[in-house]
Amino acid sequence: MHPLPGYWSCCSLLLLFSLGVQGSPGAPSAAPEQVHLSYPGEPGSMTVTWTTWVPTRSEVQFGLQPSGPLPLHAQGTFVPFVDGGILRRKLYIHRVTLRKLLPGVQYVYRCGSAQGWSRRFRFRALKNGAHWSPRLAVFGDLGADNPKALPRLRRDTQQGMYDAVLHVGDFAYNMDQDNARVGDRFMRLIEPVAASLPYMTCPGNHEERYNFSNYKARFSMPGDNEGLWYSWDLGPAHIISFSTEVYFFLHYGRHLVQRQFRWLESDLQKANKNRAARPWIITMGHRPMYCSNADLDDCTRHESKVRPLPGRRGLIPACSVSGVDLQLWAHEHSYERLWPIYNYQVFNGSGEMPYTNPRGPVHIITGSAGCEERLTPFAVFPRPWSAVRVKEYGYTRLHILNGTHIHIQQVSDDQDGKIVDDVWVVRPLFGRRMYL
């Protein structure tokens with residue numbers, strides 16, 4: 001007896017739906033993928049995060065030798081994540097935090113369970129205390145398509161050039177697309193970098209879908225605010241990450257504006273009291289306060305949403321009153337360095353040395369790592385507060401040399417790694433930090 005044609009059609013549809021839900025043909029895999037690191041804020045620690053397609057134990061084996069047994073073990077937990085797309089695809093996100101790591105020592109690790117292990121990766125534990133010189137790669141707006149800067153970033157990582165990565169919002173374009181398969185592809189793409197360095201993030205506008213659910217689920221940042229805002233110490237710097245998106249997607253809750261603002265004010269007060277130990281205060285958020293691009297983005301408007309003055313809960317009052325030294329942004333697909341600025345007024349240290357003891361925060365916009373939306377043009381005439389503008393693919397190197405000197409370089413991928421901007425920010429250890 002031959003089955004009816006409709007029977008086979010129904011079975012085929014069910015099979016295709018099953019494969020689509022899991023994302024790959026065959027049985028759902030217990031093998032770890034999308035491995036990445038983050039720093040949980042506790043000295044001597046590192047968090048390993050990865051994805052499987054079935055629930056398994058969460059374990060990391062690690063040690064000091066590149067081959068042979070890995071004698072150290074750490075256990076963690078997993079949580080199921082159901083994407084908001086029509087297929088409701090389910091991923092299992094695993095997190096394990098390694099503790100009591102020796103500062104500055106290189107470790108070898110693999111993650112997974114008896115049902116499947118990742119390949120071996122290496123990372124170097126962050127050094128403790130304030131008396132060392134962290135090196136960071138900084139960029140935003142990196143997509144799964146057209147990720148121009150990624151090959152060079154991978155080579156830099158293999159050569160040990162960085163201690164951490166700051167990804168200043170906008171991932172994959174977008175992580176929720178194609179029922180979150182684009183997010184999976186992006187996390188696999190960044191694995192050679194993110195599995196070797198703490199990959200620290202903040203949300204951008206392209207993470208908004210389903211109340212930022214892919215961003216919240218896939219990354220593991222310090223604090224208890226789902227990675228939307230947090231802070232951490234790195235060498236002589238206190239680094240603050242916040243969400244500019246709470247000002248734009250108010251339907252997820254206007255209370256988030258107040259919550260973040262109160263937290264930011266409190267964190268900045270604590271950071272100022274700790275200036276003797278951590279002289280630099282650095283912030284990162286996705287949408288800039290200022291920019292000179294030729295588009296209609298918020299930063300091109302005189303009264304942008306993220307920078308209202310006192311009496312309104314924008315970011316400029318808290319950051320300026322607290323003497324933030326350096327502000328890192330993305331969103332515009334270009335690179336722009338501003339003169340030290342407060343409320344559209346330039347406050348250079350001096351005419352000859354504008355970034356030596358500047359009297360306002362230094363702003364860097366670095367959103368040209370590469371995505372499907374290509375580069376953003378600039379307005380024909382630069383604004384008086386704009387110092388350098390580069391419309392080329394690339395990323396930023398940030399070297400926090402010590403408590404008085406920070407070195408900023410912009411790498412052009414279009415020019416085969418040429419340094420197209422190079423500036424030092426210099427401040428005395430003790431001096432005026434308030435700009436109002």
# chains A, B, ... in the order shown; residues from 1 in each chain; ligands from 1
>>> select_by_dssp(residues="stretch 58-185 of chain A", states="alpha helix (DSSP H)", output="PyMOL selection string")
chain A and resi 150-158+177-185
>>> residues_around(residues="A:Pro71", least_positions_apart="5", cutoff="12 Å", atoms="only C-alpha atoms", output="list in words")
Val60, Gln61, Phe62, Gly63, Leu64, Gln65, Pro66, Tyr107, Val108, Tyr109 and Arg110 of chain A
>>> closest_atom_pairs(of="stretch 99-170 of chain A", to="stretch 404-422 of chain A", cutoff="8 Å", atoms="only C-alpha atoms", output="Markdown table")
| residue | atom | partner | partner_atom | distance |
| --- | --- | --- | --- | --- |
| A:Lys148 | CA | A:Asp413 | CA | 7.1 |
| A:Ala149 | CA | A:Asp413 | CA | 6.1 |
| A:Arg152 | CA | A:Asp413 | CA | 7.6 |
>>> residues_around(residues="A:Val165", least_positions_apart="4", cutoff="12 Å", atoms="only C-alpha atoms", output="CSV table (one decimal) with N, CA, C and O atoms, in the first residue's frame")
chain,number,residue,atom,x,y,z
A,36,HIS,N,32.5,32.8,23.9
A,36,HIS,CA,33.0,34.2,24.2
A,36,HIS,C,33.3,34.4,25.6
A,36,HIS,O,32.7,33.8,26.5
A,37,LEU,N,34.2,35.4,25.9
A,37,LEU,CA,34.6,35.7,27.3
A,37,LEU,C,34.0,37.1,27.7
A,37,LEU,O,33.7,37.9,26.8
A,38,SER,N,33.9,37.3,29.0
A,38,SER,CA,33.6,38.6,29.5
A,38,SER,C,34.2,38.7,30.9
A,38,SER,O,34.5,37.6,31.6
A,39,TYR,N,34.5,39.9,31.4
A,39,TYR,CA,35.0,40.1,32.7
A,39,TYR,C,33.9,40.4,33.7
A,39,TYR,O,33.2,41.4,33.5
A,134,PRO,N,46.5,48.8,30.4
A,134,PRO,CA,45.6,48.0,29.5
A,134,PRO,C,45.6,48.6,28.1
A,134,PRO,O,45.7,49.8,27.8
A,135,ARG,N,45.4,47.6,27.1
A,135,ARG,CA,45.3,47.9,25.7
A,135,ARG,C,44.0,47.4,25.2
A,135,ARG,O,43.7,46.2,25.4
A,136,LEU,N,43.2,48.2,24.6
A,136,LEU,CA,41.8,47.8,24.1
A,136,LEU,C,41.6,48.1,22.7
A,136,LEU,O,42.1,49.0,22.1
A,137,ALA,N,40.8,47.2,22.1
A,137,ALA,CA,40.2,47.5,20.7
A,137,ALA,C,38.8,48.0,21.0
A,137,ALA,O,38.0,47.4,21.7
A,138,VAL,N,38.5,49.1,20.3
A,138,VAL,CA,37.2,49.7,20.5
A,138,VAL,C,36.5,50.0,19.1
A,138,VAL,O,37.1,50.5,18.2
A,139,PHE,N,35.3,49.6,19.0
A,139,PHE,CA,34.5,49.8,17.8
A,139,PHE,C,33.0,49.5,18.1
A,139,PHE,O,32.6,48.9,19.1
A,140,GLY,N,32.2,50.0,17.1
A,140,GLY,CA,30.8,49.6,17.2
A,140,GLY,C,30.3,49.3,15.7
A,140,GLY,O,31.1,49.4,14.8
A,153,LEU,N,41.3,42.5,13.1
A,153,LEU,CA,41.1,42.4,14.5
A,153,LEU,C,41.5,41.0,15.0
A,153,LEU,O,42.1,40.8,16.0
A,154,ARG,N,41.2,40.0,14.2
A,154,ARG,CA,41.6,38.6,14.5
A,154,ARG,C,43.1,38.5,14.5
A,154,ARG,O,43.7,37.8,15.4
A,156,ASP,N,45.3,40.9,15.0
A,156,ASP,CA,45.7,41.6,16.2
A,156,ASP,C,45.6,40.8,17.4
A,156,ASP,O,46.5,40.8,18.3
A,157,THR,N,44.5,40.1,17.5
A,157,THR,CA,44.2,39.3,18.7
A,157,THR,C,45.2,38.1,18.8
A,157,THR,O,45.8,37.8,19.9
A,161,MET,N,47.8,41.8,21.0
A,161,MET,CA,47.9,43.2,21.0
A,161,MET,C,46.9,43.8,22.0
A,161,MET,O,47.1,45.0,22.4
A,190,ILE,N,32.7,36.2,15.5
A,190,ILE,CA,33.5,36.9,16.4
A,190,ILE,C,34.3,35.9,17.4
A,190,ILE,O,35.1,36.4,18.1
A,193,VAL,N,38.0,36.1,18.2
A,193,VAL,CA,38.4,37.3,19.0
A,193,VAL,C,37.8,37.1,20.4
A,193,VAL,O,38.5,37.2,21.4
A,194,ALA,N,36.5,36.9,20.4
A,194,ALA,CA,35.8,36.9,21.7
A,194,ALA,C,36.0,35.8,22.6
A,194,ALA,O,35.8,35.9,23.8
A,195,ALA,N,36.5,34.7,22.1
A,195,ALA,CA,36.9,33.5,22.9
A,195,ALA,C,38.3,33.7,23.5
A,195,ALA,O,38.7,32.9,24.3
A,196,SER,N,39.0,34.7,23.1
A,196,SER,CA,40.4,34.9,23.5
A,196,SER,C,40.5,36.2,24.4
A,196,SER,O,41.6,36.4,25.1
A,197,LEU,N,39.6,37.1,24.3
A,197,LEU,CA,39.6,38.4,25.1
A,197,LEU,C,38.3,38.6,25.7
A,197,LEU,O,37.2,38.3,25.1
A,198,PRO,N,38.2,39.3,26.9
A,198,PRO,CA,36.9,39.7,27.4
A,198,PRO,C,36.3,40.7,26.4
A,198,PRO,O,36.9,41.7,26.1
A,199,TYR,N,35.1,40.3,26.0
A,199,TYR,CA,34.4,41.1,24.9
A,199,TYR,C,33.2,41.8,25.6
A,199,TYR,O,32.2,41.3,25.9
A,200,MET,N,33.5,43.1,25.9
A,200,MET,CA,32.6,43.9,26.7
A,200,MET,C,31.7,44.8,25.8
A,200,MET,O,32.2,45.4,24.8
A,201,THR,N,30.4,44.9,26.2
A,201,THR,CA,29.4,45.4,25.2
A,201,THR,C,28.5,46.4,25.9
A,201,THR,O,28.5,46.6,27.1
A,202,CYS,N,27.8,47.1,25.0
A,202,CYS,CA,26.7,47.9,25.4
A,202,CYS,C,25.6,47.8,24.3
A,202,CYS,O,26.0,47.5,23.1
A,234,LEU,N,39.6,48.7,35.2
A,234,LEU,CA,40.6,48.1,34.4
A,234,LEU,C,41.8,49.0,34.5
A,234,LEU,O,41.9,50.1,34.0
A,284,MET,N,31.2,54.5,27.8
A,284,MET,CA,30.8,54.0,26.5
A,284,MET,C,29.3,53.9,26.4
A,284,MET,O,28.6,53.4,27.2
A,395,TYR,N,38.9,50.7,13.1
A,395,TYR,CA,38.5,50.5,14.5
A,395,TYR,C,39.6,51.3,15.3
A,395,TYR,O,40.6,51.8,14.7
A,396,THR,N,39.4,51.4,16.6
A,396,THR,CA,40.2,52.3,17.4
A,396,THR,C,41.0,51.5,18.4
A,396,THR,O,40.5,50.5,18.9
A,397,ARG,N,42.2,51.9,18.6
A,397,ARG,CA,43.1,51.3,19.6
A,397,ARG,C,43.2,52.3,20.8
A,397,ARG,O,43.5,53.5,20.5
A,398,LEU,N,43.0,51.8,22.0
A,398,LEU,CA,43.0,52.6,23.2
A,398,LEU,C,44.0,52.0,24.1
A,398,LEU,O,43.8,50.9,24.6
A,399,HIS,N,45.1,52.8,24.5
A,399,HIS,CA,46.1,52.3,25.4
A,399,HIS,C,46.1,53.3,26.6
A,399,HIS,O,46.4,54.5,26.5
>>> closest_residue(among="A:Ala130, A:Ala277, A:Ile365, A:Leu142", to="A:Cys299", atoms="only C-alpha atoms")
A:Ile365
>>> select_by_dssp(residues="stretch 256-407 of chain A", states="strand (DSSP E or B)", output="PyMOL selection string")
chain A and resi 280-284+293+326-329+335-338+341-342+345-346+356+362-366+370+378+386-390+394-400+405-407
>>> write_last_selection(atoms="C-alpha atoms", output="mmCIF file, in the first residue's frame")
data_model
loop_
_atom_site.group_PDB
_atom_site.id
_atom_site.type_symbol
_atom_site.label_atom_id
_atom_site.label_comp_id
_atom_site.auth_asym_id
_atom_site.auth_seq_id
_atom_site.Cartn_x
_atom_site.Cartn_y
_atom_site.Cartn_z
ATOM 1 C CA TRP A 280 40.562 57.982 34.529
ATOM 2 C CA ILE A 281 36.787 57.791 34.082
ATOM 3 C CA ILE A 282 35.774 56.455 30.659
ATOM 4 C CA THR A 283 32.215 55.934 29.396
ATOM 5 C CA MET A 284 30.802 54.015 26.453
ATOM 6 C CA ASN A 293 27.536 63.435 9.804
ATOM 7 C CA LEU A 326 36.810 60.157 27.708
ATOM 8 C CA GLN A 327 33.489 59.247 26.075
ATOM 9 C CA LEU A 328 33.333 56.462 23.477
ATOM 10 C CA TRP A 329 30.445 56.271 21.003
ATOM 11 C CA TYR A 335 35.323 57.882 12.824
ATOM 12 C CA GLU A 336 35.254 61.321 14.401
ATOM 13 C CA ARG A 337 37.359 62.862 17.159
ATOM 14 C CA LEU A 338 36.049 66.004 18.804
ATOM 15 C CA ILE A 341 33.655 69.890 24.463
ATOM 16 C CA TYR A 342 30.829 70.840 26.794
ATOM 17 C CA GLN A 345 31.697 74.900 23.431
ATOM 18 C CA VAL A 346 35.316 73.875 22.940
ATOM 19 C CA THR A 356 46.763 68.225 27.694
ATOM 20 C CA VAL A 362 37.075 64.064 24.909
ATOM 21 C CA HIS A 363 34.573 62.364 22.564
ATOM 22 C CA ILE A 364 35.499 59.584 20.118
ATOM 23 C CA ILE A 365 32.924 58.185 17.649
ATOM 24 C CA THR A 366 34.084 54.835 16.263
ATOM 25 C CA GLY A 370 31.770 47.364 8.897
ATOM 26 C CA PHE A 378 29.994 63.704 6.741
ATOM 27 C CA SER A 386 35.134 68.550 15.219
ATOM 28 C CA ALA A 387 38.879 67.870 15.150
ATOM 29 C CA VAL A 388 39.299 64.822 12.862
ATOM 30 C CA ARG A 389 36.870 63.018 10.537
ATOM 31 C CA VAL A 390 37.623 59.755 8.716
ATOM 32 C CA GLY A 394 38.441 50.688 10.708
ATOM 33 C CA TYR A 395 38.548 50.549 14.494
ATOM 34 C CA THR A 396 40.173 52.290 17.434
ATOM 35 C CA ARG A 397 43.091 51.284 19.632
ATOM 36 C CA LEU A 398 43.008 52.626 23.162
ATOM 37 C CA HIS A 399 46.088 52.349 25.377
ATOM 38 C CA ILE A 400 45.611 53.469 28.979
ATOM 39 C CA HIS A 405 48.421 59.417 29.765
ATOM 40 C CA ILE A 406 45.971 57.775 27.345
ATOM 41 C CA HIS A 407 46.942 57.009 23.736
#
